[in-house]
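*Asks:* Contents of my_file.cif (mmCIF, C-alpha atoms and all ligand atoms) are below:
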data_query
loop_
_atom_site.group_PDB
_atom_site.id
_atom_site.type_symbol
_atom_site.label_atom_id
_atom_site.label_comp_id
_atom_site.auth_asym_id
_atom_site.auth_seq_id
_atom_site.Cartn_x
_atom_site.Cartn_y
_atom_site.Cartn_z
ATOM 1 C CA MET L 13 31.928 -36.635 6.338
ATOM 2 C CA ALA L 14 30.281 -38.430 9.271
ATOM 3 C CA SER L 15 26.569 -38.934 8.782
ATOM 4 C CA HIS L 16 25.557 -36.719 11.702
ATOM 5 C CA GLN L 17 27.605 -33.897 10.185
ATOM 6 C CA ALA L 18 25.810 -34.393 6.881
ATOM 7 C CA TRP L 19 22.520 -34.140 8.733
ATOM 8 C CA ILE L 20 23.558 -30.905 10.362
ATOM 9 C CA VAL L 21 24.351 -29.492 6.920
ATOM 10 C CA VAL L 22 21.013 -30.666 5.504
ATOM 11 C CA VAL L 23 19.034 -29.252 8.425
ATOM 12 C CA GLY L 24 21.007 -26.020 8.176
ATOM 13 C CA LEU L 25 20.230 -25.681 4.484
ATOM 14 C CA LEU L 26 16.544 -26.412 5.052
ATOM 15 C CA LEU L 27 16.420 -23.747 7.751
ATOM 16 C CA MET L 28 18.040 -21.208 5.451
ATOM 17 C CA VAL L 29 15.638 -22.036 2.648
ATOM 18 C CA SER L 30 12.582 -21.834 4.898
ATOM 19 C CA VAL L 31 13.779 -18.591 6.491
ATOM 20 C CA THR L 32 14.323 -16.916 3.134
ATOM 21 C CA LEU L 33 11.209 -18.240 1.426
ATOM 22 C CA ALA L 34 8.716 -18.080 4.227
ATOM 23 C CA THR L 35 8.472 -14.346 4.657
ATOM 24 C CA ALA L 36 7.005 -13.169 1.370
ATOM 25 C CA PRO L 37 3.244 -12.849 1.835
ATOM 26 C CA ARG L 38 1.187 -15.595 0.255
ATOM 27 C CA LYS L 39 0.876 -15.259 -3.470
ATOM 28 C CA PRO L 40 -2.248 -13.266 -4.353
ATOM 29 C CA VAL L 41 -5.064 -15.055 -6.147
ATOM 30 C CA ASP L 42 -6.599 -13.197 -9.097
ATOM 31 C CA VAL L 43 -10.330 -12.813 -8.608
ATOM 32 C CA PRO L 44 -12.861 -10.711 -10.501
ATOM 33 C CA PHE L 45 -13.700 -7.221 -9.233
ATOM 34 C CA SER L 46 -17.198 -8.151 -8.101
ATOM 35 C CA ARG L 47 -15.977 -10.933 -5.795
ATOM 36 C CA ASN L 48 -14.586 -8.395 -3.331
ATOM 37 C CA TYR L 49 -15.557 -4.905 -4.454
ATOM 38 C CA VAL L 50 -18.440 -2.584 -5.359
ATOM 39 C CA PRO L 51 -18.416 0.899 -6.894
ATOM 40 C CA THR L 52 -18.654 3.742 -4.360
ATOM 41 C CA TRP L 53 -19.570 6.730 -6.550
ATOM 42 C CA ALA L 54 -19.981 7.736 -10.218
ATOM 43 C CA PHE L 55 -20.862 4.154 -11.208
ATOM 44 C CA ASP L 56 -20.893 5.057 -14.918
ATOM 45 C CA HIS L 57 -17.205 6.030 -14.768
ATOM 46 C CA ILE L 58 -16.116 2.431 -14.041
ATOM 47 C CA LYS L 59 -15.602 0.242 -17.125
ATOM 48 C CA TYR L 60 -15.651 -3.549 -16.866
ATOM 49 C CA ILE L 61 -13.342 -5.587 -19.104
ATOM 50 C CA ASN L 62 -13.211 -9.370 -19.622
ATOM 51 C CA GLY L 63 -16.310 -9.955 -17.527
ATOM 52 C CA GLY L 64 -14.977 -7.788 -14.724
ATOM 53 C CA SER L 65 -11.618 -9.508 -14.295
ATOM 54 C CA GLN L 66 -10.194 -6.076 -15.133
ATOM 55 C CA ILE L 67 -11.689 -2.643 -14.621
ATOM 56 C CA GLN L 68 -10.855 0.925 -15.565
ATOM 57 C CA LEU L 69 -11.530 4.044 -13.544
ATOM 58 C CA VAL L 70 -12.296 7.061 -15.696
ATOM 59 C CA LEU L 71 -11.711 10.685 -14.701
ATOM 60 C CA ASP L 72 -13.106 13.468 -16.851
ATOM 61 C CA LYS L 73 -13.956 17.086 -16.174
ATOM 62 C CA TYR L 74 -17.310 16.060 -14.688
ATOM 63 C CA THR L 75 -16.141 13.525 -12.127
ATOM 64 C CA GLY L 76 -13.672 10.930 -10.938
ATOM 65 C CA THR L 77 -14.798 7.630 -9.463
ATOM 66 C CA GLY L 78 -13.989 5.011 -6.868
ATOM 67 C CA PHE L 79 -14.756 1.618 -5.394
ATOM 68 C CA GLN L 80 -14.644 -0.117 -2.025
ATOM 69 C CA SER L 81 -14.495 -3.589 -0.561
ATOM 70 C CA LYS L 82 -17.753 -5.285 0.334
ATOM 71 C CA GLY L 83 -16.343 -6.575 3.599
ATOM 72 C CA SER L 84 -14.368 -4.965 6.403
ATOM 73 C CA TYR L 85 -11.269 -6.662 7.769
ATOM 74 C CA LEU L 86 -9.111 -6.764 10.864
ATOM 75 C CA PHE L 87 -5.638 -7.767 9.612
ATOM 76 C CA GLY L 88 -4.623 -9.621 6.491
ATOM 77 C CA HIS L 89 -3.044 -9.178 3.101
ATOM 78 C CA PHE L 90 -4.625 -6.881 0.508
ATOM 79 C CA SER L 91 -3.288 -6.472 -2.969
ATOM 80 C CA MET L 92 -4.183 -5.014 -6.308
ATOM 81 C CA GLN L 93 -2.544 -4.876 -9.698
ATOM 82 C CA MET L 94 -2.655 -1.414 -11.179
ATOM 83 C CA LYS L 95 -1.586 0.350 -14.348
ATOM 84 C CA LEU L 96 -1.627 4.075 -13.664
ATOM 85 C CA VAL L 97 -2.913 6.866 -15.911
ATOM 86 C CA PRO L 98 -0.543 7.026 -18.913
ATOM 87 C CA GLY L 99 0.682 10.123 -20.754
ATOM 88 C CA ASP L 100 -0.167 13.465 -19.237
ATOM 89 C CA SER L 101 -1.526 12.577 -15.778
ATOM 90 C CA ALA L 102 -0.500 15.812 -14.044
ATOM 91 C CA GLY L 103 -3.024 16.895 -11.415
ATOM 92 C CA THR L 104 -4.582 13.434 -11.066
ATOM 93 C CA VAL L 105 -4.309 11.231 -8.005
ATOM 94 C CA THR L 106 -4.999 7.507 -7.916
ATOM 95 C CA ALA L 107 -5.305 6.038 -4.433
ATOM 96 C CA PHE L 108 -5.440 2.597 -2.872
ATOM 97 C CA TYR L 109 -6.046 2.626 0.871
ATOM 98 C CA LEU L 110 -7.505 0.914 3.903
ATOM 99 C CA SER L 111 -9.663 2.967 6.226
ATOM 100 C CA SER L 112 -11.746 2.366 9.332
ATOM 101 C CA GLN L 113 -15.211 3.876 9.538
ATOM 102 C CA ASN L 114 -15.098 5.487 12.968
ATOM 103 C CA ALA L 115 -14.269 8.969 14.216
ATOM 104 C CA GLU L 116 -10.830 8.101 15.636
ATOM 105 C CA HIS L 117 -9.947 6.685 12.344
ATOM 106 C CA ASP L 118 -7.140 4.432 11.216
ATOM 107 C CA GLU L 119 -5.913 4.566 7.652
ATOM 108 C CA ILE L 120 -3.172 2.983 5.539
ATOM 109 C CA ASP L 121 -2.606 4.934 2.304
ATOM 110 C CA PHE L 122 -0.975 4.538 -1.060
ATOM 111 C CA GLU L 123 -1.394 7.653 -3.249
ATOM 112 C CA PHE L 124 -0.039 7.912 -6.775
ATOM 113 C CA LEU L 125 0.544 11.485 -7.895
ATOM 114 C CA GLY L 126 0.453 11.947 -11.655
ATOM 115 C CA ASN L 127 2.789 14.052 -13.736
ATOM 116 C CA ARG L 128 3.344 15.576 -17.159
ATOM 117 C CA THR L 129 4.185 13.162 -19.982
ATOM 118 C CA GLY L 130 7.594 11.585 -19.401
ATOM 119 C CA GLN L 131 7.929 12.995 -15.867
ATOM 120 C CA PRO L 132 7.921 10.558 -12.959
ATOM 121 C CA TYR L 133 4.985 9.631 -10.761
ATOM 122 C CA ILE L 134 5.362 10.006 -7.004
ATOM 123 C CA VAL L 135 4.109 7.365 -4.574
ATOM 124 C CA GLN L 136 3.040 8.882 -1.280
ATOM 125 C CA THR L 137 2.276 6.660 1.703
ATOM 126 C CA ASN L 138 0.798 7.591 5.053
ATOM 127 C CA VAL L 139 -0.451 5.869 8.211
ATOM 128 C CA PHE L 140 -3.209 7.334 10.400
ATOM 129 C CA THR L 141 -3.776 5.889 13.855
ATOM 130 C CA GLY L 142 -6.524 7.119 16.158
ATOM 131 C CA GLY L 143 -7.197 10.028 13.807
ATOM 132 C CA LYS L 144 -3.570 11.186 13.675
ATOM 133 C CA GLY L 145 -1.681 11.071 10.369
ATOM 134 C CA ASP L 146 1.132 13.443 9.357
ATOM 135 C CA ARG L 147 3.443 10.524 8.586
ATOM 136 C CA GLU L 148 3.987 11.090 4.882
ATOM 137 C CA GLN L 149 6.711 9.401 2.917
ATOM 138 C CA ARG L 150 7.249 10.017 -0.784
ATOM 139 C CA ILE L 151 9.260 8.008 -3.263
ATOM 140 C CA PHE L 152 9.833 7.691 -6.995
ATOM 141 C CA LEU L 153 9.411 4.202 -8.448
ATOM 142 C CA TRP L 154 12.180 2.223 -10.191
ATOM 143 C CA PHE L 155 9.921 1.597 -13.201
ATOM 144 C CA ASP L 156 7.277 3.402 -15.224
ATOM 145 C CA PRO L 157 3.972 2.480 -13.513
ATOM 146 C CA THR L 158 1.894 3.464 -16.558
ATOM 147 C CA THR L 159 3.119 0.919 -19.113
ATOM 148 C CA ALA L 160 2.391 -2.381 -17.344
ATOM 149 C CA TYR L 161 0.538 -3.810 -14.374
ATOM 150 C CA HIS L 162 2.423 -3.881 -11.085
ATOM 151 C CA SER L 163 1.215 -5.126 -7.751
ATOM 152 C CA TYR L 164 0.688 -2.876 -4.751
ATOM 153 C CA SER L 165 -0.111 -4.490 -1.447
ATOM 154 C CA VAL L 166 -0.458 -4.084 2.281
ATOM 155 C CA LEU L 167 0.326 -6.695 4.905
ATOM 156 C CA TRP L 168 -1.279 -5.793 8.228
ATOM 157 C CA ASN L 169 -1.048 -7.788 11.424
ATOM 158 C CA MET L 170 -0.691 -7.103 15.152
ATOM 159 C CA TYR L 171 3.048 -6.502 14.747
ATOM 160 C CA GLN L 172 3.524 -4.407 11.644
ATOM 161 C CA ILE L 173 2.084 -2.791 8.540
ATOM 162 C CA VAL L 174 4.157 -3.360 5.404
ATOM 163 C CA PHE L 175 3.665 -1.580 2.077
ATOM 164 C CA PHE L 176 4.868 -3.634 -0.879
ATOM 165 C CA VAL L 177 5.411 -2.744 -4.519
ATOM 166 C CA ASP L 178 5.891 -5.975 -6.513
ATOM 167 C CA ASP L 179 6.993 -7.801 -3.340
ATOM 168 C CA VAL L 180 9.574 -5.124 -2.537
ATOM 169 C CA PRO L 181 8.837 -3.582 0.862
ATOM 170 C CA ILE L 182 8.822 0.204 0.411
ATOM 171 C CA ARG L 183 7.710 1.044 3.938
ATOM 172 C CA VAL L 184 7.186 -0.579 7.312
ATOM 173 C CA PHE L 185 5.226 0.770 10.283
ATOM 174 C CA LYS L 186 5.879 -1.354 13.360
ATOM 175 C CA ASN L 187 3.576 -1.672 16.342
ATOM 176 C CA CYS L 188 5.151 0.760 18.834
ATOM 177 C CA LYS L 189 2.447 0.760 21.465
ATOM 178 C CA GLU L 190 5.113 0.313 24.173
ATOM 179 C CA MET L 191 6.356 3.789 23.119
ATOM 180 C CA GLY L 192 2.882 5.277 23.345
ATOM 181 C CA VAL L 193 2.268 5.284 19.575
ATOM 182 C CA ARG L 194 -1.172 4.039 18.621
ATOM 183 C CA PHE L 195 -1.363 1.103 16.265
ATOM 184 C CA PRO L 196 -4.472 0.019 14.314
ATOM 185 C CA PHE L 197 -5.635 -3.163 16.066
ATOM 186 C CA ASN L 198 -9.245 -2.866 17.150
ATOM 187 C CA GLN L 199 -11.141 -1.345 14.229
ATOM 188 C CA PRO L 200 -11.833 -3.241 11.010
ATOM 189 C CA MET L 201 -10.974 -1.438 7.797
ATOM 190 C CA LYS L 202 -12.418 -1.443 4.315
ATOM 191 C CA ILE L 203 -10.271 -1.219 1.215
ATOM 192 C CA TYR L 204 -10.860 1.720 -1.121
ATOM 193 C CA SER L 205 -9.558 2.931 -4.422
ATOM 194 C CA SER L 206 -10.267 6.065 -6.385
ATOM 195 C CA LEU L 207 -9.137 8.354 -9.158
ATOM 196 C CA TRP L 208 -9.809 12.064 -8.880
ATOM 197 C CA ASN L 209 -8.604 15.546 -9.744
ATOM 198 C CA ALA L 210 -6.274 17.035 -7.123
ATOM 199 C CA ASP L 211 -4.508 19.693 -9.144
ATOM 200 C CA ASP L 212 -4.600 22.052 -6.173
ATOM 201 C CA TRP L 213 -1.706 20.039 -4.589
ATOM 202 C CA ALA L 214 -0.717 16.857 -6.408
ATOM 203 C CA THR L 215 1.859 17.754 -9.042
ATOM 204 C CA ARG L 216 4.815 19.962 -8.105
ATOM 205 C CA GLY L 217 2.787 21.124 -5.146
ATOM 206 C CA GLY L 218 -0.131 22.303 -7.311
ATOM 207 C CA LEU L 219 1.885 24.228 -9.901
ATOM 208 C CA GLU L 220 0.997 21.793 -12.697
ATOM 209 C CA LYS L 221 -2.717 21.824 -13.478
ATOM 210 C CA THR L 222 -4.812 19.048 -14.997
ATOM 211 C CA ASP L 223 -4.970 19.467 -18.778
ATOM 212 C CA TRP L 224 -8.597 18.625 -19.490
ATOM 213 C CA SER L 225 -7.962 18.512 -23.220
ATOM 214 C CA LYS L 226 -6.190 15.187 -22.437
ATOM 215 C CA ALA L 227 -9.246 13.699 -20.671
ATOM 216 C CA PRO L 228 -10.475 11.047 -20.098
ATOM 217 C CA PHE L 229 -7.761 9.879 -17.690
ATOM 218 C CA ILE L 230 -7.833 6.134 -17.169
ATOM 219 C CA ALA L 231 -6.332 3.900 -14.452
ATOM 220 C CA SER L 232 -6.575 0.118 -14.955
ATOM 221 C CA TYR L 233 -6.902 -2.576 -12.304
ATOM 222 C CA LYS L 234 -6.884 -6.317 -11.964
ATOM 223 C CA SER L 235 -6.351 -9.126 -9.443
ATOM 224 C CA PHE L 236 -8.460 -7.728 -6.496
ATOM 225 C CA HIS L 237 -6.955 -10.110 -3.951
ATOM 226 C CA ILE L 238 -8.159 -9.940 -0.358
ATOM 227 C CA ASP L 239 -7.074 -12.439 2.287
ATOM 228 C CA GLY L 240 -8.165 -10.949 5.582
ATOM 229 C CA CYS L 241 -10.039 -11.647 8.786
ATOM 230 C CA GLU L 242 -13.500 -10.437 7.870
ATOM 231 C CA ALA L 243 -15.264 -8.768 10.770
ATOM 232 C CA SER L 244 -18.312 -6.553 11.164
ATOM 233 C CA VAL L 245 -17.649 -2.811 11.174
ATOM 234 C CA GLU L 246 -18.231 -2.639 14.942
ATOM 235 C CA ALA L 247 -16.032 -5.642 15.805
ATOM 236 C CA LYS L 248 -13.208 -5.005 18.289
ATOM 237 C CA PHE L 249 -11.148 -8.064 17.451
ATOM 238 C CA CYS L 250 -10.714 -10.765 14.847
ATOM 239 C CA ALA L 251 -12.278 -14.107 15.817
ATOM 240 C CA THR L 252 -9.331 -16.087 14.418
ATOM 241 C CA GLN L 253 -6.676 -13.746 15.854
ATOM 242 C CA GLY L 254 -3.296 -15.480 16.111
ATOM 243 C CA LYS L 255 -4.270 -18.441 13.929
ATOM 244 C CA ARG L 256 -3.899 -17.043 10.432
ATOM 245 C CA TRP L 257 -0.750 -17.190 8.295
ATOM 246 C CA TRP L 258 -0.043 -13.460 8.656
ATOM 247 C CA ASP L 259 0.011 -13.791 12.458
ATOM 248 C CA GLN L 260 2.882 -16.261 12.408
ATOM 249 C CA LYS L 261 6.468 -15.596 13.400
ATOM 250 C CA GLU L 262 7.846 -15.080 9.895
ATOM 251 C CA PHE L 263 5.435 -12.194 9.244
ATOM 252 C CA GLN L 264 6.019 -10.393 12.532
ATOM 253 C CA ASP L 265 9.099 -8.653 11.182
ATOM 254 C CA LEU L 266 10.874 -8.259 7.850
ATOM 255 C CA ASP L 267 13.764 -10.650 7.295
ATOM 256 C CA SER L 268 17.260 -9.411 6.510
ATOM 257 C CA TYR L 269 16.750 -9.710 2.757
ATOM 258 C CA GLN L 270 13.590 -7.598 2.960
ATOM 259 C CA TYR L 271 15.333 -4.997 5.134
ATOM 260 C CA ARG L 272 18.084 -4.802 2.510
ATOM 261 C CA ARG L 273 15.552 -4.177 -0.227
ATOM 262 C CA LEU L 274 13.773 -1.606 1.932
ATOM 263 C CA SER L 275 17.028 0.276 2.498
ATOM 264 C CA TRP L 276 17.714 0.132 -1.228
ATOM 265 C CA VAL L 277 14.347 1.831 -1.874
ATOM 266 C CA ARG L 278 14.907 4.360 0.877
ATOM 267 C CA SER L 279 18.404 5.320 -0.180
ATOM 268 C CA ARG L 280 17.769 5.413 -3.920
ATOM 269 C CA PHE L 281 14.193 6.689 -4.310
ATOM 270 C CA THR L 282 13.192 8.770 -1.290
ATOM 271 C CA ILE L 283 11.905 12.265 -1.999
ATOM 272 C CA TYR L 284 10.493 12.987 1.434
ATOM 273 C CA ASN L 285 10.346 11.193 4.767
ATOM 274 C CA TYR L 286 8.615 12.751 7.788
ATOM 275 C CA CYS L 287 11.089 10.858 9.977
ATOM 276 C CA THR L 288 13.951 13.014 8.773
ATOM 277 C CA ASP L 289 12.063 16.334 8.592
ATOM 278 C CA ARG L 290 13.653 18.143 11.556
ATOM 279 C CA SER L 291 11.877 21.449 10.842
ATOM 280 C CA ARG L 292 8.525 19.712 11.194
ATOM 281 C CA TYR L 293 9.563 17.242 13.914
ATOM 282 C CA PRO L 294 12.434 18.680 16.004
ATOM 283 C CA THR L 295 12.423 15.405 17.926
ATOM 284 C CA VAL L 296 12.313 12.221 15.880
ATOM 285 C CA PRO L 297 8.858 10.580 16.007
ATOM 286 C CA PRO L 298 9.249 7.490 18.251
ATOM 287 C CA GLU L 299 8.256 4.875 15.649
ATOM 288 C CA CYS L 300 10.945 6.040 13.194
ATOM 289 C CA LYS L 301 13.754 4.237 15.044
ATOM 290 C CA LYS L 302 11.944 0.923 15.216
ATOM 291 C CA ASP L 303 10.898 1.269 11.569
ATOM 292 C CA ARG L 304 14.620 1.844 10.786
ATOM 293 C CA ASP L 305 13.841 5.093 8.994
ATOM 294 C CA VAL L 306 16.546 6.799 11.053
HETATM 295 C C1 LIG L 401 6.931 15.591 -11.642
HETATM 296 O O1 LIG L 401 8.099 15.917 -12.356
HETATM 297 C C2 LIG L 401 8.849 16.965 -11.777
HETATM 298 C C3 LIG L 401 9.991 17.289 -12.726
HETATM 299 O O2 LIG L 401 10.732 16.131 -13.004
HETATM 300 C C4 LIG L 401 9.332 16.538 -10.404
HETATM 301 O O3 LIG L 401 10.005 17.597 -9.763
HETATM 302 C C5 LIG L 401 8.122 16.109 -9.537
HETATM 303 O O4 LIG L 401 8.578 15.594 -8.297
HETATM 304 C C6 LIG L 401 7.337 15.036 -10.278
HETATM 305 N N1 LIG L 401 6.185 14.494 -9.575
HETATM 306 C C7 LIG L 401 5.180 15.180 -9.015
HETATM 307 C C8 LIG L 401 4.037 14.375 -8.558
HETATM 308 O O5 LIG L 401 5.146 16.368 -8.865
#
Kindly present the structure from the file in structure tokens form.
*Replies:*
Amino acid sequence: MASHQAWIVVVGLLLMVSVTLATAPRKPVDVPFSRNYVPTWAFDHIKYINGGSQIQLVLDKYTGTGFQSKGSYLFGHFSMQMKLVPGDSAGTVTAFYLSSQNAEHDEIDFEFLGNRTGQPYIVQTNVFTGGKGDREQRIFLWFDPTTAYHSYSVLWNMYQIVFFVDDVPIRVFKNCKEMGVRFPFNQPMKIYSSLWNADDWATRGGLEKTDWSKAPFIASYKSFHIDGCEASVEAKFCATQGKRWWDQKEFQDLDSYQYRRLSWVRSRFTIYNYCTDRSRYPTVPPECKKDRDV
């Protein structure tokens, strides 16, 4: 083989390697709870383990509890390792979400709906932009989320919002402003998590009630990674916009491998997708095409 041909092969291989490796978000760094978070309510229902490198949220018949990030952020990568309420968790909801503080609020939601012992959890996701939500998707997971820690994360930049479960993209919401769909870009968000009783709707649409004889219900957390552009709550833009790793080309869209995994999740585990709910949306919501939900 002539040497220039060998070079072409080498360069080609390097390109393939960089294209396939470059698109997973940076590996989260485990930090203690108190580095990034503070309790929001019912402080005595949060238990600190190993000096706060792990925590537990406790729900009993008196109260649930929750925590929030100290800072607010405009874009970045936010992840958490969670082990959901084991055993009979019917009626409980554990949530991990980003939310802006203003009236026309933006929100990026993960909600974990508990179930009776041995019955599967549901993961519900939603995206609110400018106060408008109604974009629910629901899936089952491909593992039992109560027996071990798994990571749940959000990548948010000017181009897309990606929901990941253990590095598998389970949902993408692309910036479709050219189609008149609002995209969160000018309001910083804080990260929140909570555990509460929602037995009026959570499990089989509210049919299964929380069994308080099984209380306390406990969700465990660790890792607490935040890598975002920190900005004051009133900020309209991120000072380092365009310069951070999540702004770069390889994070502006999913690569083909990630799209394959996303379609695997969608085809195997979908329970509900607003994009395909023709009785609710006789015309397909505009973002659904670009998100490849339809
Ligand atoms: C709970 O289990 C039932 C029966 O398997 C299932 O229909 C339901 O979707 C599961 N999850 C929730 C949150 O209701």
*Asks:* Which residues form the shell of 10 Å around ligand LIG 401 (chain L) when you count all atoms listed in the file, given as number ranges by chain?
*Replies:* L: 101-105, 124-136, 150-152, 213-220, 283
*Asks:* Draw an axis-aligned box over all listed atoms of range 82-96 of chain L, pad each side with 3 Å, and write its centre and edge lengths in Å, one decimal, as lines of an AutoDock Vina configuration file.
*Replies:*
center_x = -9.7
center_y = -2.8
center_z = -1.7
size_x = 22.2
size_y = 19.7
size_z = 31.2
*Asks:* Work out how far CA of Gln113 in chain L is from CA of Glu246 in chain L, in Å to one decimal.
*Replies:*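 Atom-to-atom, CA of Glu246 in chain L and CA of Gln113 in chain L are spaced 9.0 Å apart.
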*Asks:* In Å, how far is it from CA of Gly76 in chain L to CA of Tyr284 in chain L?
*Replies:*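 Pair CA of Gly76 in chain L / CA of Tyr284 in chain L returns 27.2 Å.
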*Asks:* Identify all residues satisfying the PyMOL selection byres (((chain L and resi 98) around 6) and not hetatm) in the given file; provide them as a list in words.
*Replies:*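 So the PyMOL selection byres (((chain L and resi 98) around 6) and not hetatm), applied here, picks out Val97, Gly99 and Thr158 of chain L.
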*Asks:* Using only C-alpha atoms, find the one residue out of L:Cys287, L:Val166, L:Val174, L:Val245 that sits nearest to Asn187 in chain L.
*Replies:*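 The closest residue to Asn187 in chain L is L:Val174.
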*Asks:* Which of these, L:Ala227, L:Ser232, L:Asp211, L:Lys144, has the shortest distance to Val193 in chain L once you count all atoms listed in the file?
*Replies:*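 Ranking L:Ala227, L:Ser232, L:Asp211, L:Lys144 by distance to Val193 in chain L, first place goes to L:Lys144.
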*Asks:* Can you give me, as a PyMOL selection string, the residues this file yields under the PyMOL selection byres (((chain L and resi 300) around 10) and not hetatm)?
*Replies:* chain L and resi 147+184-186+188+285-288+296-299+301-306
*Asks:* Given the file shown, determine the residues that the PyMOL selection byres (((chain L and resi 199-210) around 6) and not hetatm) selects; report them as a list in words.
*Replies:* Gly76, Thr77, Gly78, Phe79, Gln80, Ser81, Ser84, Tyr85, Leu86, Gly103, Thr104, Val105, Thr106, Ala107, Phe108, Tyr109, Leu110, Ser111, Ser112, Asn198, Asp211, Asp212, Ala214, Val245 and Lys248 of chain L
